[in-house]
>>> print(open('input_36.pdb').read())   # PDB, C-alpha atoms
MODEL        1
ATOM      1  CA  MET A 764     102.866  43.522  54.839
ATOM      2  CA  LEU A 765     104.029  47.037  55.535
ATOM      3  CA  PHE A 766     106.526  48.671  53.204
ATOM      4  CA  GLU A 767     108.431  51.920  53.288
ATOM      5  CA  LEU A 768     110.728  53.788  50.961
ATOM      6  CA  ARG A 769     114.268  54.653  52.005
ATOM      7  CA  GLN A 770     116.454  56.926  49.903
ATOM      8  CA  ALA A 771     119.122  54.760  48.303
ATOM      9  CA  THR A 772     122.812  55.547  48.617
ATOM     10  CA  SER A 773     125.875  54.527  46.639
ATOM     11  CA  LEU A 774     126.148  51.567  49.038
ATOM     12  CA  ASP A 775     122.904  50.203  47.535
ATOM     13  CA  LEU A 776     124.202  50.172  43.956
ATOM     14  CA  ASN A 777     125.349  46.529  43.987
ATOM     15  CA  PHE A 778     122.000  45.348  45.403
ATOM     16  CA  ALA A 779     120.082  47.271  42.726
ATOM     17  CA  ARG A 780     122.332  46.183  39.852
ATOM     18  CA  ASP A 781     122.249  42.520  40.889
ATOM     19  CA  LEU A 782     118.467  42.558  41.366
ATOM     20  CA  THR A 783     117.908  44.225  38.009
ATOM     21  CA  CYS A 784     120.157  41.725  36.268
ATOM     22  CA  GLN A 785     118.380  38.796  37.963
ATOM     23  CA  ASN A 786     114.952  40.131  37.021
ATOM     24  CA  MET A 787     115.752  41.333  33.509
ATOM     25  CA  LEU A 788     118.547  39.240  32.005
ATOM     26  CA  SER A 789     116.156  36.817  30.301
ATOM     27  CA  TYR A 790     114.469  39.750  28.492
ATOM     28  CA  TYR A 791     117.829  41.169  27.439
ATOM     29  CA  ILE A 792     118.802  37.777  26.037
ATOM     30  CA  GLN A 793     115.469  37.268  24.287
ATOM     31  CA  TYR A 794     115.623  40.671  22.596
ATOM     32  CA  GLU A 795     119.375  40.374  21.939
ATOM     33  CA  LEU A 796     120.192  43.455  23.978
ATOM     34  CA  PRO A 797     123.520  43.711  25.803
ATOM     35  CA  TRP A 798     123.531  43.850  29.610
ATOM     36  CA  LEU A 799     126.263  46.280  30.679
ATOM     37  CA  ASP A 800     127.009  46.828  34.363
ATOM     38  CA  GLU A 801     128.691  50.123  33.473
ATOM     39  CA  ALA A 802     125.577  51.425  31.716
ATOM     40  CA  PHE A 803     123.464  50.516  34.731
ATOM     41  CA  ASP A 804     125.881  52.306  37.058
ATOM     42  CA  VAL A 805     125.813  55.491  34.967
ATOM     43  CA  ALA A 806     122.003  55.474  34.835
ATOM     44  CA  TRP A 807     121.783  54.846  38.609
ATOM     45  CA  ALA A 808     123.996  57.853  39.314
ATOM     46  CA  GLY A 809     121.710  60.154  37.322
ATOM     47  CA  ARG A 810     118.423  59.128  38.926
ATOM     48  CA  GLU A 811     116.516  59.406  42.177
ATOM     49  CA  ASN A 812     116.654  55.952  43.735
ATOM     50  CA  TRP A 813     114.601  54.512  46.587
ATOM     51  CA  LEU A 814     114.858  51.136  48.289
ATOM     52  CA  ILE A 815     111.621  49.329  49.047
ATOM     53  CA  MET A 816     111.999  48.178  52.626
ATOM     54  CA  GLN A 817     110.069  45.679  54.702
ATOM     55  CA  GLY A 818     111.384  46.388  58.164
ATOM     56  CA  ASP A 819     115.175  46.232  57.842
ATOM     57  CA  VAL A 820     115.061  44.080  54.697
ATOM     58  CA  PRO A 821     115.416  45.637  51.234
ATOM     59  CA  VAL A 822     112.891  43.847  49.024
ATOM     60  CA  GLY A 823     113.383  45.937  45.903
ATOM     61  CA  TYR A 824     113.903  49.423  44.572
ATOM     62  CA  VAL A 825     112.438  52.082  42.335
ATOM     63  CA  SER A 826     114.412  54.524  40.200
ATOM     64  CA  LEU A 827     112.838  57.803  39.069
ATOM     65  CA  SER A 828     113.499  60.733  36.766
ATOM     66  CA  ARG A 829     111.510  63.817  35.860
ATOM     67  CA  ASP A 830     110.969  66.361  33.170
ATOM     68  CA  ALA A 831     108.260  68.928  32.491
ATOM     69  CA  ARG A 832     106.034  66.260  30.926
ATOM     70  CA  ALA A 833     106.090  63.505  33.523
ATOM     71  CA  LEU A 834     107.511  61.619  36.448
ATOM     72  CA  TYR A 835     109.157  58.495  35.022
ATOM     73  CA  ILE A 836     109.585  55.132  36.669
ATOM     74  CA  ARG A 837     112.885  54.086  35.081
ATOM     75  CA  GLU A 838     113.271  50.880  37.069
ATOM     76  CA  LEU A 839     110.982  49.053  39.470
ATOM     77  CA  HIS A 840     112.201  45.724  40.771
ATOM     78  CA  VAL A 841     111.069  43.472  43.585
ATOM     79  CA  ALA A 842     113.119  40.448  44.606
ATOM     80  CA  ALA A 843     111.521  37.147  43.532
ATOM     81  CA  ALA A 844     110.989  36.025  47.131
ATOM     82  CA  PHE A 845     108.825  39.098  47.766
ATOM     83  CA  GLN A 846     106.863  39.282  44.508
ATOM     84  CA  GLY A 847     103.101  38.895  44.714
ATOM     85  CA  GLN A 848     102.915  40.463  48.183
ATOM     86  CA  GLY A 849     101.797  43.944  47.139
ATOM     87  CA  ALA A 850     105.129  45.769  47.080
ATOM     88  CA  GLY A 851     104.843  46.699  43.393
ATOM     89  CA  SER A 852     101.318  48.066  43.726
ATOM     90  CA  TRP A 853     102.291  49.946  46.864
ATOM     91  CA  VAL A 854     105.307  51.560  45.179
ATOM     92  CA  ILE A 855     103.319  52.613  42.124
ATOM     93  CA  ASP A 856     100.774  54.241  44.436
ATOM     94  CA  GLN A 857     103.590  56.065  46.270
ATOM     95  CA  VAL A 858     105.111  57.305  43.021
ATOM     96  CA  TRP A 859     101.660  58.332  41.760
ATOM     97  CA  ALA A 860     101.240  60.409  44.929
ATOM     98  CA  MET A 861     104.649  62.040  44.288
ATOM     99  CA  ALA A 862     103.665  62.892  40.716
ATOM    100  CA  ARG A 863     100.400  64.443  41.885
ATOM    101  CA  ALA A 864     102.100  66.401  44.669
ATOM    102  CA  GLU A 865     104.651  67.724  42.156
ATOM    103  CA  ARG A 866     101.850  68.572  39.721
ATOM    104  CA  ARG A 867     103.416  66.505  36.924
ATOM    105  CA  PRO A 868     101.121  65.964  33.914
ATOM    106  CA  ALA A 869     101.688  62.195  33.832
ATOM    107  CA  LEU A 870     103.318  59.120  35.291
ATOM    108  CA  ARG A 871     105.218  57.155  32.633
ATOM    109  CA  LEU A 872     107.240  53.978  32.300
ATOM    110  CA  THR A 873     108.550  51.542  29.725
ATOM    111  CA  VAL A 874     108.194  47.762  30.043
ATOM    112  CA  PHE A 875     109.290  44.825  27.911
ATOM    113  CA  LYS A 876     106.344  43.664  25.780
ATOM    114  CA  ASN A 877     106.312  40.184  27.301
ATOM    115  CA  ASN A 878     106.928  41.222  30.920
ATOM    116  CA  PRO A 879     103.965  40.123  33.054
ATOM    117  CA  ALA A 880     104.457  43.279  35.175
ATOM    118  CA  GLN A 881     102.488  45.162  32.536
ATOM    119  CA  ALA A 882      99.323  43.622  34.038
ATOM    120  CA  LEU A 883     100.222  45.261  37.360
ATOM    121  CA  TYR A 884     100.768  48.589  35.622
ATOM    122  CA  ARG A 885      97.386  48.327  33.902
ATOM    123  CA  ARG A 886      95.708  47.575  37.241
ATOM    124  CA  ARG A 887      97.339  50.717  38.655
ATOM    125  CA  GLY A 888      95.830  52.811  35.831
ATOM    126  CA  LEU A 889      98.647  53.020  33.287
ATOM    127  CA  GLU A 890      97.712  52.558  29.645
ATOM    128  CA  VAL A 891      99.794  51.681  26.607
ATOM    129  CA  VAL A 892     100.512  54.845  24.620
ATOM    130  CA  GLY A 893     103.184  53.509  22.258
ATOM    131  CA  GLU A 894     105.434  50.599  21.444
ATOM    132  CA  ASP A 895     108.492  49.555  19.537
ATOM    133  CA  GLU A 896     110.143  46.231  18.787
ATOM    134  CA  CYS A 897     110.846  45.394  22.448
ATOM    135  CA  PHE A 898     108.939  47.770  24.685
ATOM    136  CA  LEU A 899     105.553  49.172  25.566
ATOM    137  CA  ARG A 900     105.383  52.796  26.676
ATOM    138  CA  MET A 901     102.760  53.192  29.379
ATOM    139  CA  GLN A 902     101.298  56.309  30.930
ATOM    140  CA  ARG A 903      98.723  57.523  33.410
ATOM    141  CA  GLU A 904      97.690  61.127  32.983
ATOM    142  CA  ILE A 905      97.229  63.237  36.057
ATOM    143  CA  ASP A 906      94.376  65.663  36.397
ATOM    144  CA  ILE A 907      95.991  68.680  37.956
ATOM    145  CA  PRO A 908      93.509  71.033  39.603
ATOM    146  CA  HIS A 909      93.793  74.584  38.342
ATOM    147  CA  ARG A 910      94.529  77.246  40.935
TER     148      ARG A 910
ENDMDL
END
>>> encode(input="input_36.pdb", output="structure tokens")
Amino acid sequence: MLFELRQATSLDLNFARDLTCQNMLSYYIQYELPWLDEAFDVAWAGRENWLIMQGDVPVGYVSLSRDARALYIRELHVAAAFQGQGAGSWVIDQVWAMARAERRPALRLTVFKNNPAQALYRRRGLEVVGEDECFLRMQREIDIPHR
């Protein structure tokens, strides 16, 4: 299966919000966290968002932010019908390549403690570097060659 990233636009907001809610609502309920469409919309507007495409079909998306310390995967969601086909691994590899090209010190993300996606993140080289009541903080450090 071949995938590609396409820069998301405001027209993709509903797709991303609905997919995130479908994929995450059970975790929000379990941890007694509120799901707020408005909060999602504000976060979306402040991030770099990419659709994961398979041909003309959006199968998911990834949302990124940056600071001096890292490139952050803020959201990574694949529609249920397309999970287990390599899209998640492929996207993490693409984002890893971005982080290296930008010479960021690390790739970071946060995942619910009981989300099975953490196994994917471990396979892609991210390690747990912290946790709280609900989340694991994961990171993969990047060896940046000195010039």
>>> closest_residue(input="input_36.pdb", among="A:Ile855, A:Ala802, A:Ala860, A:Ile792", to="Val825 of chain A", atoms="all atoms listed in the file")
A:Ile855
>>> residues_around(input="input_36.pdb", residues="Ser826 of chain A", least_positions_apart="5", cutoff="7 Å", atoms="all atoms listed in the file", output="count of residues only")
8
>>> residues_near_point(input="input_36.pdb", point="(115.7, 56.4, 46.4)", cutoff="12 Å", atoms="only C-alpha atoms", output="PyMOL selection string")
chain A and resi 767-776+779+807-816+821+823-828+836-839+854+858
>>> atom_distance(input="input_36.pdb", atom1="atom CA of Leu782 of chain A", atom2="atom CA of Leu799 of chain A")
13.7 Å
>>> atom_distance(input="input_36.pdb", atom1="atom CA of Glu894 of chain A", atom2="atom CA of Gly851 of chain A")
22.3 Å
>>> closest_residue(input="input_36.pdb", among="A:Gln817, A:Asn777, A:Gln902, A:Asn786", to="Asp800 of chain A", atoms="all atoms listed in the file")
A:Asn777
>>> resolve_selection(input="input_36.pdb", expression="the PyMOL selection byres ((chain A and resi 834) around 6)", output="PDB file with C-alpha atoms, in the frame of the given file")
ATOM      1  CA  ARG A 829     111.510  63.817  35.860  1.00  0.00           C
ATOM      2  CA  ALA A 833     106.090  63.505  33.523  1.00  0.00           C
ATOM      3  CA  TYR A 835     109.157  58.495  35.022  1.00  0.00           C
ATOM      4  CA  ALA A 862     103.665  62.892  40.716  1.00  0.00           C
ATOM      5  CA  LEU A 870     103.318  59.120  35.291  1.00  0.00           C
TER       6      LEU A 870
END
>>> resolve_selection(input="input_36.pdb", expression="the PyMOL selection byres ((chain A and resi 867) around 10)", output="PDB file with C-alpha atoms, in the frame of the given file")
ATOM      1  CA  ARG A 829     111.510  63.817  35.860  1.00  0.00           C
ATOM      2  CA  ASP A 830     110.969  66.361  33.170  1.00  0.00           C
ATOM      3  CA  ALA A 831     108.260  68.928  32.491  1.00  0.00           C
ATOM      4  CA  ARG A 832     106.034  66.260  30.926  1.00  0.00           C
ATOM      5  CA  ALA A 833     106.090  63.505  33.523  1.00  0.00           C
ATOM      6  CA  LEU A 834     107.511  61.619  36.448  1.00  0.00           C
ATOM      7  CA  TRP A 859     101.660  58.332  41.760  1.00  0.00           C
ATOM      8  CA  MET A 861     104.649  62.040  44.288  1.00  0.00           C
ATOM      9  CA  ALA A 862     103.665  62.892  40.716  1.00  0.00           C
ATOM     10  CA  ARG A 863     100.400  64.443  41.885  1.00  0.00           C
ATOM     11  CA  ALA A 864     102.100  66.401  44.669  1.00  0.00           C
ATOM     12  CA  GLU A 865     104.651  67.724  42.156  1.00  0.00           C
ATOM     13  CA  ARG A 866     101.850  68.572  39.721  1.00  0.00           C
ATOM     14  CA  PRO A 868     101.121  65.964  33.914  1.00  0.00           C
ATOM     15  CA  ALA A 869     101.688  62.195  33.832  1.00  0.00           C
ATOM     16  CA  LEU A 870     103.318  59.120  35.291  1.00  0.00           C
ATOM     17  CA  GLU A 904      97.690  61.127  32.983  1.00  0.00           C
ATOM     18  CA  ILE A 905      97.229  63.237  36.057  1.00  0.00           C
ATOM     19  CA  ASP A 906      94.376  65.663  36.397  1.00  0.00           C
ATOM     20  CA  ILE A 907      95.991  68.680  37.956  1.00  0.00           C
TER      21      ILE A 907
END
>>> closest_residue(input="input_36.pdb", among="A:Gly847, A:Tyr790, A:Thr873, A:Asn878", to="Glu890 of chain A", atoms="all atoms listed in the file")
A:Thr873
